[in-house]
Each structure stands twice: as C-alpha cells, then as structure tokens.
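Text of upload-v4.cif, listed as mmCIF, C-alpha atoms:
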```cif
data_model
loop_
_atom_site.group_PDB
_atom_site.id
_atom_site.type_symbol
_atom_site.label_atom_id
_atom_site.label_comp_id
_atom_site.auth_asym_id
_atom_site.auth_seq_id
_atom_site.Cartn_x
_atom_site.Cartn_y
_atom_site.Cartn_z
ATOM 1 C CA MET A 27 65.516 115.020 92.340
ATOM 2 C CA GLN A 28 62.153 113.737 93.424
ATOM 3 C CA ILE A 29 60.884 111.149 95.820
ATOM 4 C CA ALA A 30 58.989 108.287 94.210
ATOM 5 C CA ARG A 31 57.438 104.892 94.698
ATOM 6 C CA VAL A 32 58.777 101.946 92.697
ATOM 7 C CA ILE A 33 55.682 100.572 91.004
ATOM 8 C CA GLY A 34 57.256 98.063 88.666
ATOM 9 C CA GLN A 35 60.115 96.892 86.583
ATOM 10 C CA VAL A 36 60.560 97.106 82.829
ATOM 11 C CA VAL A 37 62.025 94.171 80.957
ATOM 12 C CA ALA A 38 63.678 94.962 77.637
ATOM 13 C CA THR A 39 65.756 92.228 76.078
ATOM 14 C CA ARG A 40 66.913 94.359 73.178
ATOM 15 C CA LYS A 41 68.496 97.542 74.451
ATOM 16 C CA ASP A 42 71.619 99.649 74.298
ATOM 17 C CA GLN A 43 74.738 97.655 75.154
ATOM 18 C CA ALA A 44 75.511 99.928 78.111
ATOM 19 C CA LEU A 45 72.122 99.069 79.598
ATOM 20 C CA GLN A 46 72.730 95.326 79.614
ATOM 21 C CA ASP A 47 72.459 93.929 83.152
ATOM 22 C CA ARG A 48 70.908 97.185 84.389
ATOM 23 C CA THR A 49 67.573 97.144 86.150
ATOM 24 C CA LEU A 50 64.963 99.454 84.690
ATOM 25 C CA LEU A 51 62.488 100.514 87.341
ATOM 26 C CA LEU A 52 59.117 102.095 86.812
ATOM 27 C CA VAL A 53 58.810 104.904 89.338
ATOM 28 C CA GLN A 54 55.876 107.115 90.255
ATOM 29 C CA PRO A 55 56.933 110.549 91.585
ATOM 30 C CA LEU A 56 55.383 111.633 94.900
ATOM 31 C CA ASN A 57 54.605 114.943 96.547
ATOM 32 C CA ALA A 58 55.645 115.691 100.127
ATOM 33 C CA ASP A 59 52.166 114.520 101.236
ATOM 34 C CA GLY A 60 52.895 111.077 99.749
ATOM 35 C CA LYS A 61 50.400 111.415 96.912
ATOM 36 C CA ASP A 62 51.261 110.595 93.305
ATOM 37 C CA VAL A 63 52.249 113.571 91.173
ATOM 38 C CA GLY A 64 52.836 113.600 87.436
ATOM 39 C CA ARG A 65 53.394 110.558 85.309
ATOM 40 C CA ALA A 66 55.405 107.446 85.991
ATOM 41 C CA LEU A 67 58.793 107.134 84.335
ATOM 42 C CA VAL A 68 61.523 104.601 83.706
ATOM 43 C CA ALA A 69 64.717 105.001 85.765
ATOM 44 C CA VAL A 70 67.929 102.979 85.885
ATOM 45 C CA ASP A 71 68.585 101.522 89.322
ATOM 46 C CA SER A 72 71.976 101.969 91.003
ATOM 47 C CA VAL A 73 71.118 101.138 94.619
ATOM 48 C CA GLY A 74 69.289 97.819 94.434
ATOM 49 C CA ALA A 75 65.770 99.170 94.969
ATOM 50 C CA GLY A 76 62.740 96.952 94.541
ATOM 51 C CA VAL A 77 59.039 97.204 93.823
ATOM 52 C CA GLY A 78 57.086 98.832 96.635
ATOM 53 C CA GLU A 79 60.012 100.793 98.029
ATOM 54 C CA LYS A 80 60.157 104.558 98.372
ATOM 55 C CA VAL A 81 63.182 105.961 96.605
ATOM 56 C CA PHE A 82 64.609 109.160 95.242
ATOM 57 C CA PHE A 83 65.750 109.630 91.691
ATOM 58 C CA VAL A 84 67.803 112.110 89.738
ATOM 59 C CA ARG A 85 67.048 113.468 86.284
ATOM 60 C CA GLY A 86 69.417 114.318 83.481
ATOM 61 C CA LYS A 87 72.903 113.262 82.485
ATOM 62 C CA GLU A 88 73.815 112.890 86.167
ATOM 63 C CA ALA A 89 71.709 109.731 86.226
ATOM 64 C CA SER A 90 74.568 107.977 84.417
ATOM 65 C CA PHE A 91 77.251 109.002 86.932
ATOM 66 C CA PRO A 92 76.862 105.927 89.158
ATOM 67 C CA PHE A 93 78.049 103.822 86.231
ATOM 68 C CA TYR A 94 81.058 105.950 85.346
ATOM 69 C CA PRO A 95 83.174 105.385 83.237
ATOM 70 C CA THR A 96 80.497 103.461 81.352
ATOM 71 C CA GLU A 97 78.329 105.983 79.542
ATOM 72 C CA VAL A 98 74.854 104.722 80.128
ATOM 73 C CA PRO A 99 72.225 106.413 77.929
ATOM 74 C CA THR A 100 69.749 107.362 80.631
ATOM 75 C CA ASP A 101 68.034 110.537 81.798
ATOM 76 C CA ALA A 102 66.681 109.206 85.083
ATOM 77 C CA GLY A 103 68.239 107.090 87.815
ATOM 78 C CA VAL A 104 67.264 105.815 91.243
ATOM 79 C CA VAL A 105 70.108 106.941 93.531
ATOM 80 C CA GLY A 106 68.756 106.336 97.035
ATOM 81 C CA ILE A 107 66.228 104.397 99.064
ATOM 82 C CA VAL A 108 64.088 106.491 101.378
ATOM 83 C CA ASP A 109 63.735 105.285 104.980
ATOM 84 C CA HIS A 110 61.180 107.967 105.778
ATOM 85 C CA TRP A 111 60.602 111.674 105.496
ATOM 86 C CA THR A 112 59.251 114.321 107.794
ATOM 87 C CA THR A 113 57.256 117.383 106.846
ATOM 88 C CA GLY A 114 56.815 120.537 108.852
ATOM 89 C CA GLU A 115 54.415 123.436 109.048
ATOM 90 C CA ARG A 116 54.165 125.574 105.974
ATOM 91 C CA MET B 9 67.220 128.891 89.653
ATOM 92 C CA ILE B 10 63.826 128.835 91.280
ATOM 93 C CA LEU B 11 62.209 130.053 94.464
ATOM 94 C CA ALA B 12 60.942 127.351 96.784
ATOM 95 C CA ARG B 13 59.914 126.670 100.356
ATOM 96 C CA VAL B 14 61.488 123.915 102.460
ATOM 97 C CA VAL B 15 58.674 121.564 103.475
ATOM 98 C CA GLY B 16 60.457 118.511 104.844
ATOM 99 C CA GLN B 17 63.507 116.353 105.220
ATOM 100 C CA VAL B 18 64.248 112.898 103.831
ATOM 101 C CA VAL B 19 66.134 110.209 105.720
ATOM 102 C CA SER B 20 67.915 107.647 103.578
ATOM 103 C CA SER B 21 70.434 105.162 104.878
ATOM 104 C CA HIS B 22 71.017 103.430 101.551
ATOM 105 C CA LYS B 23 72.093 105.816 98.826
ATOM 106 C CA ARG B 24 74.918 106.552 96.418
ATOM 107 C CA PRO B 25 78.127 107.342 98.369
ATOM 108 C CA GLN B 26 78.259 110.941 97.104
ATOM 109 C CA PHE B 27 75.207 111.678 99.276
ATOM 110 C CA GLU B 28 76.915 110.643 102.518
ATOM 111 C CA GLY B 29 76.614 113.476 105.017
ATOM 112 C CA ALA B 30 74.455 115.573 102.729
ATOM 113 C CA LYS B 31 71.156 116.972 103.993
ATOM 114 C CA LEU B 32 68.252 116.039 101.726
ATOM 115 C CA LEU B 33 65.390 118.515 101.878
ATOM 116 C CA LEU B 34 61.964 118.435 100.292
ATOM 117 C CA VAL B 35 61.212 121.758 98.659
ATOM 118 C CA GLN B 36 57.982 123.059 97.195
ATOM 119 C CA PRO B 37 58.514 125.385 94.217
ATOM 120 C CA GLU B 38 56.697 128.705 94.599
ATOM 121 C CA SER B 39 55.718 131.687 92.512
ATOM 122 C CA PRO B 40 57.288 135.035 93.550
ATOM 123 C CA ASP B 41 54.206 135.799 95.659
ATOM 124 C CA GLY B 42 54.577 132.552 97.570
ATOM 125 C CA GLU B 43 52.001 130.352 95.886
ATOM 126 C CA ALA B 44 52.915 126.650 95.629
ATOM 127 C CA LYS B 45 53.620 125.573 92.041
ATOM 128 C CA GLY B 46 54.115 122.059 90.735
ATOM 129 C CA ALA B 47 55.520 118.927 92.333
ATOM 130 C CA THR B 48 57.633 118.678 95.466
ATOM 131 C CA LEU B 49 61.339 118.347 94.663
ATOM 132 C CA LEU B 50 64.248 116.902 96.600
ATOM 133 C CA ALA B 51 67.366 119.056 96.884
ATOM 134 C CA ILE B 52 70.622 118.847 98.767
ATOM 135 C CA ASP B 53 71.254 121.664 101.219
ATOM 136 C CA SER B 54 74.532 123.497 100.884
ATOM 137 C CA VAL B 55 73.737 126.539 103.033
ATOM 138 C CA GLY B 56 72.132 125.164 106.195
ATOM 139 C CA VAL B 57 68.411 125.902 106.068
ATOM 140 C CA GLY B 58 65.416 124.448 107.855
ATOM 141 C CA VAL B 59 61.776 123.606 107.321
ATOM 142 C CA SER B 60 59.491 126.531 106.357
ATOM 143 C CA GLU B 61 62.350 128.694 105.129
ATOM 144 C CA ARG B 62 62.262 130.224 101.669
ATOM 145 C CA VAL B 63 65.206 129.305 99.473
ATOM 146 C CA ILE B 64 66.814 129.540 96.050
ATOM 147 C CA VAL B 65 67.291 126.200 94.308
ATOM 148 C CA VAL B 66 69.493 125.429 91.300
ATOM 149 C CA LEU B 67 67.894 122.867 89.018
ATOM 150 C CA GLU B 68 70.801 121.690 86.951
ATOM 151 C CA GLY B 69 73.223 118.871 87.427
ATOM 152 C CA ARG B 70 76.578 120.548 87.144
ATOM 153 C CA ALA B 71 75.627 123.428 89.426
ATOM 154 C CA ALA B 72 74.108 121.100 91.996
ATOM 155 C CA GLY B 73 77.179 118.875 91.901
ATOM 156 C CA GLU B 74 79.392 121.881 92.559
ATOM 157 C CA ALA B 75 77.247 122.803 95.542
ATOM 158 C CA LEU B 76 77.796 119.319 96.917
ATOM 159 C CA GLY B 77 81.502 119.590 96.154
ATOM 160 C CA ARG B 78 81.987 116.012 95.040
ATOM 161 C CA LYS B 79 82.862 114.801 91.588
ATOM 162 C CA LEU B 80 80.412 112.726 89.576
ATOM 163 C CA SER B 81 77.595 113.266 92.057
ATOM 164 C CA PRO B 82 74.240 112.060 90.757
ATOM 165 C CA VAL B 83 72.374 115.208 91.838
ATOM 166 C CA ASP B 84 70.245 117.681 89.897
ATOM 167 C CA ALA B 85 69.013 120.102 92.557
ATOM 168 C CA ALA B 86 70.676 122.047 95.354
ATOM 169 C CA ILE B 87 69.662 124.795 97.759
ATOM 170 C CA ILE B 88 72.236 127.516 97.234
ATOM 171 C CA GLY B 89 70.690 130.423 99.127
ATOM 172 C CA LYS B 90 68.195 131.453 101.773
ATOM 173 C CA VAL B 91 65.796 134.188 100.723
ATOM 174 C CA ASP B 92 65.575 137.200 103.014
ATOM 175 C CA GLU B 93 63.104 139.074 100.904
ATOM 176 C CA VAL B 94 61.638 139.097 97.403
ATOM 177 C CA GLU B 95 60.706 142.412 95.863
ATOM 178 C CA CYS B 96 58.462 141.839 92.894
ATOM 179 C CA VAL B 97 57.112 144.910 91.142
ATOM 180 C CA GLU B 98 54.870 143.189 88.585
#
```

Output the structure of this file as structure tokens.
Amino acid sequence: MQIARVIGQVVATRKDQALQDRTLLLVQPLNADGKDVGRALVAVDSVGAGVGEKVFFVRGKEASFPFYPTEVPTDAGVVGIVDHWTTGER
Amino acid sequence: MILARVVGQVVSSHKRPQFEGAKLLLVQPESPDGEAKGATLLAIDSVGVGVSERVIVVLEGRAAGEALGRKLSPVDAAIIGKVDEVECVE
C-alpha cells in the first residue's frame, strides 16, 4: 500500500459493467515526507474519499475485495482515509 | 520479501473494516547495506515493531492478508519479521 493525495476524479461513461456506480479517483502517491513520488494512477474508491484528501490505497487483485462478491476489474483501490501520520528519526 | 526501515505510523479513523485494530506503518525500502531505495510504502504490522527498526516486508496480497488474519482483506504489504542482522557477502 502507499499513502497518496486524491488529485482528481475520472469520469468514464462507458466502462466495465462491474465498475458502474464506482468512483474512479486520480491519486498521487506520496513519500513519508509528504512529497509526490512516482506517477499518478486511477484507483477505485471504497471509502468515500474526495479530492484533496490524504488516503491510502492497495495495489493488485486485493483492490477488488471491498466489492466482493462482485468481481471488479481493478488493480488499485482507495481503502482508507488518512487522518495524519507521524515520522520518526531514521 | 524486501528489507525496509520503519519510518512512521499512519492514523486513519475511516478505513475498510478489515483494518480495524491493525497498526499501519510507513516503511522505506532499503538495499542490503541500508541505503533507502524507492518510494515509501504502507504496511500492516503483524510482529510488533516500532519506528527506526529494520524489518522484512511481504509485498503480495495473499501473504499480507494471511499476516492480518482476516479474509478478503484489501492489503498488499505486511511486516512479517524484525531484522536482527543482515550478513551480505557481496
């Protein structure tokens, strides 16, 4: 999983049936220092996150588990909203 | 599995129910000689470690789900060991 910032939402009218009524969020992964790392990706929301929020997302098949038994064709999913995080000495 | 260093902890009050009670730690992947490599990841802790400790992290959904011990958990990373020592001869 990674922490990320929700930077937008993707609208796709034509999509897989299992993705109907699902929110597709555009998320930018973050490092522990809060800076952007890597490229933004599209993740299916399962917690009701919105633009501007800090979240964490999971990669892989597990991203579809929140929708079980519906098999949603996704490889990334927002599974939590981050209140805050603390970092310590390295 | 990868070697990583625990660099922080995430607090999230709104998340998928499978995460309830789980400790969410920020880990920085490292090379065997301790050099930081790549983006910070978020992993659940199944052994009880703290910030600045060196750990072994599984990066695969099924294994991470087993570490959490709950079915259909949307997780892809788990701390499954604390490193005492790494002996690297090359």

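What the PyMOL selection byres ((chain A and resi 70) around 6) grabs from this file is Thr49, Leu50, Ala69, Asp71 and Gly103 of chain A.
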
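Listed by chain and then by number, the residues chosen by the PyMOL selection byres ((chain B and resi 20) around 10) in this file are Lys80, Val81, Phe82, Gly106, Ile107, Val108, Asp109, His110 and Trp111 of chain A; Gln17, Val18, Val19, Ser21, His22, Lys23, Phe27, Glu28, Lys31 and Leu32 of chain B.
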
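Closest approach to chain B among A:Ala75, A:Leu51, A:Ile33, A:Ala58: A:Ala58, based on all atoms listed in the file.
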
Can you list, as a PDB file with C-alpha atoms, in the frame of the given file, the residues that the PyMOL selection byres ((chain A) within 7 of (chain B)) selects here?
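Result written to out_18.pdb:
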```
ATOM      1  CA  MET A  27      65.516 115.020  92.340  1.00  0.00           C
ATOM      2  CA  GLN A  28      62.153 113.737  93.424  1.00  0.00           C
ATOM      3  CA  ILE A  29      60.884 111.149  95.820  1.00  0.00           C
ATOM      4  CA  ASN A  57      54.605 114.943  96.547  1.00  0.00           C
ATOM      5  CA  ALA A  58      55.645 115.691 100.127  1.00  0.00           C
ATOM      6  CA  VAL A  63      52.249 113.571  91.173  1.00  0.00           C
ATOM      7  CA  VAL A  73      71.118 101.138  94.619  1.00  0.00           C
ATOM      8  CA  VAL A  84      67.803 112.110  89.738  1.00  0.00           C
ATOM      9  CA  ARG A  85      67.048 113.468  86.284  1.00  0.00           C
ATOM     10  CA  GLU A  88      73.815 112.890  86.167  1.00  0.00           C
ATOM     11  CA  ALA A  89      71.709 109.731  86.226  1.00  0.00           C
ATOM     12  CA  PHE A  91      77.251 109.002  86.932  1.00  0.00           C
ATOM     13  CA  PRO A  92      76.862 105.927  89.158  1.00  0.00           C
ATOM     14  CA  VAL A 105      70.108 106.941  93.531  1.00  0.00           C
ATOM     15  CA  GLY A 106      68.756 106.336  97.035  1.00  0.00           C
ATOM     16  CA  ILE A 107      66.228 104.397  99.064  1.00  0.00           C
ATOM     17  CA  VAL A 108      64.088 106.491 101.378  1.00  0.00           C
ATOM     18  CA  ASP A 109      63.735 105.285 104.980  1.00  0.00           C
ATOM     19  CA  HIS A 110      61.180 107.967 105.778  1.00  0.00           C
ATOM     20  CA  TRP A 111      60.602 111.674 105.496  1.00  0.00           C
ATOM     21  CA  THR A 112      59.251 114.321 107.794  1.00  0.00           C
ATOM     22  CA  THR A 113      57.256 117.383 106.846  1.00  0.00           C
ATOM     23  CA  GLY A 114      56.815 120.537 108.852  1.00  0.00           C
ATOM     24  CA  GLU A 115      54.415 123.436 109.048  1.00  0.00           C
ATOM     25  CA  ARG A 116      54.165 125.574 105.974  1.00  0.00           C
TER      26      ARG A 116
END
```

Would you list the contacts of Gly56 of chain B as an mmCIF file with C-alpha atoms, in the coordinates of the input, taking every protein, DNA or RNA residue within 10 Å and counting all atoms listed in the file, but skipping same-chain residues closer than 3 positions in sequence?
```cif
data_model
loop_
_atom_site.group_PDB
_atom_site.id
_atom_site.type_symbol
_atom_site.label_atom_id
_atom_site.label_comp_id
_atom_site.auth_asym_id
_atom_site.auth_seq_id
_atom_site.Cartn_x
_atom_site.Cartn_y
_atom_site.Cartn_z
ATOM 1 C CA LYS B 31 71.156 116.972 103.993
ATOM 2 C CA ILE B 52 70.622 118.847 98.767
ATOM 3 C CA ASP B 53 71.254 121.664 101.219
ATOM 4 C CA ILE B 87 69.662 124.795 97.759
ATOM 5 C CA ILE B 88 72.236 127.516 97.234
ATOM 6 C CA GLY B 89 70.690 130.423 99.127
ATOM 7 C CA LYS B 90 68.195 131.453 101.773
#
```

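Atom CA of Leu11 of chain B to atom CA of Val68 of chain A spans 27.6 Å [interatomic distance, one decimal].
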